[in-house]
Amino acid sequence: MLDILVLTTVVLSQCAKVEIHKEWRELTAVEQNNFLKAVVCLRTLPNKTTASRGFPQPRTRWEDFVSSHSRAAGVMHNTAQFLPWHRVMLGLFDKALREECNYLDTLPYWDWSIDSEAPEKSVIWKDFGSTGCISTPVLGNLTAFFPNEHCVRRNSNMMNRGSVFSPEQIGLILANPGYNEFRVALESNPHNLGHSLVGGDMGSTVLSPNDPIFFMHHRNIDRLWAKWQKANPSVAFSYSGNASPRSTANDARPTDVMNFFGLTRNTAVSNALDSKSGRLSGLMCFDYSDSITPNSANLLQKRDRHAATQGKYNTSTPSIEDRSNLWNLRPPQQIPTEFLKNWMYNDQQIADIRKREQEIAKFTEFLNTMPLVFQTSLEQLDKGARFGWRSKTAEEAQADDRLTRTLVQAFKAQQ
Ligand SMILES: [Cu+2]
């Protein structure tokens, strides 16, 4: 009898179907267009949540999400809740696109590590608009009413030559063994860098979800959490760290309740730790694809390429602005102090972020001494632009991840 009961519980909490989130470039042109149309739809539908305590009434369904995020911003950024809170918000956003705007696919992610060596070259800007006031043929002119009427903007410097995290550099973040260290590193460095790179609305905790790229950036952050969970099965669904911002207490508990300010019922963190648990009425029934690689496979080893000309390979680390070195990796650009202060980081936390930036720069130099072709070298990005992209196979992804782990271990061993 007990066995049957246990079995029933297990079956009930499983997913009928696990939805796979794909990288933007894995979508067909028709699917991409459907997504953009669903974005326009959600920005047109009327709001379902209401005003309260100093926050204006959202005017559209889209702004329900902006408003909820902005009201929760002070408690779920810079705290342990950062990952589960955004995971639930993204699930609700995905559900709204599908149930209210007839979107048939899942919310795609933007794997910016593909564009890490020259983010200004990303195709994403062609599809989602570039700098200044955002405007594209499908999206039209993006206007926001939250918290007051303005055009949704991006930083005019975004198209300057910069750099973000490559998959190998992300490997250093993924190597953190505990939830808290991993969450702090992921949120403070790659997550903040994405917001700071795009700038404009994305540069502000209050305004960032006005920009559609917010949801695809956070889908990617959530993907990295899911990736860390898969790589660390014994602690996959663990949860720890600080419950309130800028605190060093380890007082966060899986029973802590996350507040969504009317977007959905407030719920315990424990319901959002496993993306395949079936919890939250099936909201937790998803996983991620293995991202993309250029259509052209034919890779020359860096060693081979240089052997033909110089008899040796180039081990130098190119500057962030360099666009002539096609094979070596750039360190991710620095997050401006002003940005971090706006996002309420204190001096100690900013010092920790700088320390991490230095470690990543050192790791990058180490990587560049290796006779390897990196998965997202500038040459690869150019190839993708020329020949298009395809989904990475599970075997390719495993091989890349294995190599990254080996490189991280080798780097740590020599420190
Ligand atoms: Cu956020």
# chains A, B, ... in the order shown; residues from 1 in each chain; ligands from 1
$ residues_near_ligand --ligand "ligand 1" --cutoff "9 Å" --atoms "only C-alpha atoms and all ligand atoms" --output "list in words"
His69, Ser70, Ala72, Ala73, Met76, His77, Phe82, Trp85, His86, Thr205, Val206, Ser208, Pro209, Phe214 and His218 of chain A
$ closest_atom_pairs --of "stretch 306-411 of chain A" --to "stretch 248-258 of chain A" --cutoff "12 Å" --atoms "only C-alpha atoms" --output "tab-separated table"
residue	atom	partner	partner_atom	distance
A:Asn346	CA	A:Thr248	CA	11.7
A:Gln348	CA	A:Thr248	CA	10.7
A:Gln349	CA	A:Thr248	CA	10.4
$ write_last_selection --atoms "N, CA and C atoms" --output "PDB file, in the first residue's frame"
ATOM      1  N   ASN A 346      28.564  46.772  -2.500  1.00  0.00           N
ATOM      2  CA  ASN A 346      29.402  47.540  -1.583  1.00  0.00           C
ATOM      3  C   ASN A 346      30.885  47.375  -1.946  1.00  0.00           C
ATOM      4  N   GLN A 348      33.466  46.008  -0.537  1.00  0.00           N
ATOM      5  CA  GLN A 348      34.037  44.669  -0.393  1.00  0.00           C
ATOM      6  C   GLN A 348      33.626  43.802  -1.584  1.00  0.00           C
ATOM      7  N   GLN A 349      32.359  43.894  -1.980  1.00  0.00           N
ATOM      8  CA  GLN A 349      31.874  43.072  -3.097  1.00  0.00           C
ATOM      9  C   GLN A 349      32.518  43.495  -4.418  1.00  0.00           C
TER      10      GLN A 349
END
$ closest_atom_pairs --of "stretch 63-175 of chain A" --to "stretch 42-55 of chain A" --cutoff "7 Å" --atoms "only C-alpha atoms" --output "JSON lines"
{"residue": "A:Glu63", "atom": "CA", "partner": "A:Asn47", "partner_atom": "CA", "distance": 7.0}
{"residue": "A:Asp64", "atom": "CA", "partner": "A:Thr49", "partner_atom": "CA", "distance": 5.8}
{"residue": "A:Leu97", "atom": "CA", "partner": "A:Leu42", "partner_atom": "CA", "distance": 6.8}
{"residue": "A:Cys101", "atom": "CA", "partner": "A:Leu42", "partner_atom": "CA", "distance": 6.6}
$ select_by_dssp --residues "stretch 123-211 of chain A" --states "alpha helix (DSSP H)" --output "PyMOL selection string"
chain A and resi 124-128+167-174+179-186+192-198
$ atom_distance --atom1 "atom CA of A:Gly278" --atom2 "atom CA of A:Ala236"
16.2 Å
$ atom_distance --atom1 "atom CA of A:Ser289" --atom2 "atom CA of A:His21"
6.1 Å
$ closest_atom_pairs --of "stretch 129-195 of chain A" --to "stretch 351-367 of chain A" --cutoff "7 Å" --atoms "only C-alpha atoms" --output "Markdown table"
| residue | atom | partner | partner_atom | distance |
| --- | --- | --- | --- | --- |
| A:Gln169 | CA | A:Ile360 | CA | 6.5 |
| A:Ser188 | CA | A:Ile353 | CA | 6.5 |
| A:Asn189 | CA | A:Ile353 | CA | 6.6 |
$ write_last_selection --atoms "N, CA and C atoms" --output "short mmCIF file (atom, residue, chain, number, x, y, z; two decimals), in the first residue's frame"
data_model
loop_
_atom_site.label_atom_id
_atom_site.label_comp_id
_atom_site.auth_asym_id
_atom_site.auth_seq_id
_atom_site.Cartn_x
_atom_site.Cartn_y
_atom_site.Cartn_z
N GLN A 169 36.12 30.44 -20.13
CA GLN A 169 36.14 31.35 -18.97
C GLN A 169 34.93 31.08 -18.06
N SER A 188 27.60 38.02 -10.06
CA SER A 188 28.45 39.22 -9.97
C SER A 188 29.21 39.49 -11.25
N ASN A 189 29.72 38.44 -11.90
CA ASN A 189 30.56 38.69 -13.06
C ASN A 189 29.82 38.52 -14.40
#
$ residues_around --residues "A:Lys383" --least-positions-apart "4" --cutoff "7 Å" --atoms "only C-alpha atoms" --output "compact mmCIF listing (two decimals) with all heavy atoms, in the first residue's frame"
# COMPACT_ATOMS: atom_id res chain seq x y z
N PRO A 294 29.56 26.67 -35.48
CA PRO A 294 29.42 27.07 -36.89
C PRO A 294 29.16 25.87 -37.80
O PRO A 294 29.60 24.77 -37.50
CB PRO A 294 30.77 27.70 -37.22
CG PRO A 294 31.40 28.01 -35.93
CD PRO A 294 30.86 27.04 -34.92
N SER A 296 30.43 25.17 -40.63
CA SER A 296 31.64 24.62 -41.21
C SER A 296 32.47 23.94 -40.14
O SER A 296 32.88 24.57 -39.17
CB SER A 296 32.44 25.74 -41.86
OG SER A 296 33.77 25.33 -41.99
N GLU A 379 37.71 33.41 -35.10
CA GLU A 379 37.60 32.70 -36.38
C GLU A 379 36.28 31.92 -36.45
O GLU A 379 35.62 31.89 -37.49
CB GLU A 379 38.78 31.72 -36.51
CG GLU A 379 38.82 31.02 -37.86
CD GLU A 379 39.64 29.76 -37.86
OE1 GLU A 379 39.68 29.07 -36.83
OE2 GLU A 379 40.24 29.45 -38.90
N PHE A 387 28.80 30.95 -42.69
CA PHE A 387 28.18 29.68 -43.09
C PHE A 387 26.94 29.32 -42.28
O PHE A 387 26.32 28.30 -42.50
CB PHE A 387 29.20 28.53 -42.96
CG PHE A 387 30.45 28.76 -43.76
CD1 PHE A 387 31.68 28.98 -43.13
CD2 PHE A 387 30.41 28.79 -45.15
CE1 PHE A 387 32.83 29.20 -43.87
CE2 PHE A 387 31.56 29.00 -45.90
CZ PHE A 387 32.78 29.21 -45.26
$ residues_around --residues "A:Arg246" --least-positions-apart "5" --cutoff "12 Å" --atoms "only C-alpha atoms" --output "ChimeraX atom specification"
/A:74-80,184,241,343-350
$ atom_distance --atom1 "atom CA of A:Leu90" --atom2 "atom CA of A:Lys276"
14.6 Å
$ residues_around --residues "A:Lys227" --least-positions-apart "6" --cutoff "10 Å" --atoms "only C-alpha atoms" --output "VMD selection string"
chain A and resid 174 221 236 287 to 288 290
$ write_last_selection --atoms "N, CA and C atoms" --output "compact mmCIF listing (two decimals), in the first residue's frame"
# COMPACT_ATOMS: atom_id res chain seq x y z
N LEU A 174 31.87 27.85 -13.40
CA LEU A 174 31.18 26.58 -13.15
C LEU A 174 31.96 25.68 -12.19
N ILE A 221 21.59 32.66 -18.27
CA ILE A 221 22.10 32.56 -16.89
C ILE A 221 21.47 31.34 -16.22
N ALA A 236 23.26 19.31 -6.48
CA ALA A 236 22.49 19.97 -7.53
C ALA A 236 21.35 20.84 -6.99
N ASP A 287 14.44 21.97 -19.90
CA ASP A 287 15.88 21.74 -19.94
C ASP A 287 16.43 22.59 -21.09
N TYR A 288 17.70 22.45 -21.38
CA TYR A 288 18.33 23.29 -22.40
C TYR A 288 19.02 22.47 -23.47
N ASP A 290 22.21 22.07 -26.28
CA ASP A 290 23.66 22.17 -26.09
C ASP A 290 24.28 23.33 -26.86
$ select_by_dssp --residues "stretch 166-317 of chain A" --states "strand (DSSP E or B)" --output "PyMOL selection string"
chain A and resi 257-258+267-268+286-288+292-294
$ write_last_selection --atoms "all heavy atoms" --output "short mmCIF file (atom, residue, chain, number, x, y, z; two decimals), in the first residue's frame"
data_model
loop_
_atom_site.label_atom_id
_atom_site.label_comp_id
_atom_site.auth_asym_id
_atom_site.auth_seq_id
_atom_site.Cartn_x
_atom_site.Cartn_y
_atom_site.Cartn_z
N VAL A 257 10.40 32.05 1.30
CA VAL A 257 9.33 32.30 0.33
C VAL A 257 9.72 33.46 -0.60
O VAL A 257 10.18 34.51 -0.15
CB VAL A 257 8.00 32.60 1.05
CG1 VAL A 257 6.92 33.06 0.06
CG2 VAL A 257 7.53 31.36 1.80
N MET A 258 9.57 33.23 -1.88
CA MET A 258 9.89 34.27 -2.88
C MET A 258 8.62 35.05 -3.19
O MET A 258 7.55 34.47 -3.39
CB MET A 258 10.42 33.63 -4.17
CG MET A 258 11.66 32.80 -3.96
SD MET A 258 12.30 32.14 -5.53
CE MET A 258 11.17 30.78 -5.83
N THR A 267 5.98 31.67 -3.52
CA THR A 267 6.28 30.24 -3.40
C THR A 267 7.65 30.00 -2.78
O THR A 267 8.52 30.87 -2.86
CB THR A 267 6.16 29.56 -4.78
OG1 THR A 267 6.23 28.15 -4.60
CG2 THR A 267 7.25 29.98 -5.73
N ALA A 268 7.84 28.84 -2.20
CA ALA A 268 9.11 28.50 -1.56
C ALA A 268 10.19 28.26 -2.61
O ALA A 268 9.91 27.73 -3.69
CB ALA A 268 8.96 27.26 -0.69
N PHE A 286 11.49 21.77 -17.79
CA PHE A 286 12.29 22.24 -18.93
C PHE A 286 13.76 21.89 -18.77
O PHE A 286 14.23 21.54 -17.69
CB PHE A 286 12.12 23.75 -19.11
CG PHE A 286 12.68 24.56 -17.96
CD1 PHE A 286 14.01 24.96 -17.95
CD2 PHE A 286 11.87 24.91 -16.89
CE1 PHE A 286 14.53 25.69 -16.90
CE2 PHE A 286 12.38 25.64 -15.82
CZ PHE A 286 13.71 26.04 -15.83
N ASP A 287 14.44 21.97 -19.90
CA ASP A 287 15.88 21.74 -19.94
C ASP A 287 16.43 22.59 -21.09
O ASP A 287 15.67 23.34 -21.71
CB ASP A 287 16.16 20.24 -20.15
CG ASP A 287 17.55 19.84 -19.66
OD1 ASP A 287 18.37 20.72 -19.36
OD2 ASP A 287 17.81 18.62 -19.59
N TYR A 288 17.70 22.45 -21.38
CA TYR A 288 18.33 23.29 -22.40
C TYR A 288 19.02 22.47 -23.47
O TYR A 288 19.51 21.38 -23.21
CB TYR A 288 19.34 24.23 -21.73
CG TYR A 288 18.68 25.25 -20.84
CD1 TYR A 288 18.50 25.01 -19.48
CD2 TYR A 288 18.18 26.42 -21.38
CE1 TYR A 288 17.86 25.93 -18.68
CE2 TYR A 288 17.54 27.35 -20.58
CZ TYR A 288 17.39 27.10 -19.23
OH TYR A 288 16.75 28.03 -18.43
N ILE A 292 25.25 26.07 -29.83
CA ILE A 292 25.51 26.00 -31.27
C ILE A 292 27.00 26.01 -31.62
O ILE A 292 27.84 26.33 -30.78
CB ILE A 292 24.83 27.19 -32.00
CG1 ILE A 292 25.27 28.53 -31.37
CG2 ILE A 292 23.32 27.03 -31.99
CD1 ILE A 292 24.85 29.75 -32.16
N THR A 293 27.26 25.70 -32.86
CA THR A 293 28.61 25.72 -33.40
C THR A 293 28.49 26.11 -34.88
O THR A 293 27.43 25.94 -35.47
CB THR A 293 29.26 24.31 -33.18
OG1 THR A 293 30.64 24.38 -33.45
CG2 THR A 293 28.61 23.24 -34.04
N PRO A 294 29.56 26.67 -35.48
CA PRO A 294 29.42 27.07 -36.89
C PRO A 294 29.16 25.87 -37.80
O PRO A 294 29.60 24.77 -37.50
CB PRO A 294 30.77 27.70 -37.22
CG PRO A 294 31.40 28.01 -35.93
CD PRO A 294 30.86 27.04 -34.92
#
$ closest_residue --among "A:Glu19, A:Glu117, A:Glu31, A:Asp127" --to "A:Lys95" --atoms "only C-alpha atoms"
A:Glu19
$ closest_residue --among "A:Leu36, A:Val235, A:Cys15, A:Val373" --to "A:Pro137" --atoms "only C-alpha atoms"
A:Leu36
$ closest_residue --among "A:Leu403, A:Ala385, A:Val18, A:Cys41" --to "A:Ile124" --atoms "only C-alpha atoms"
A:Ala385
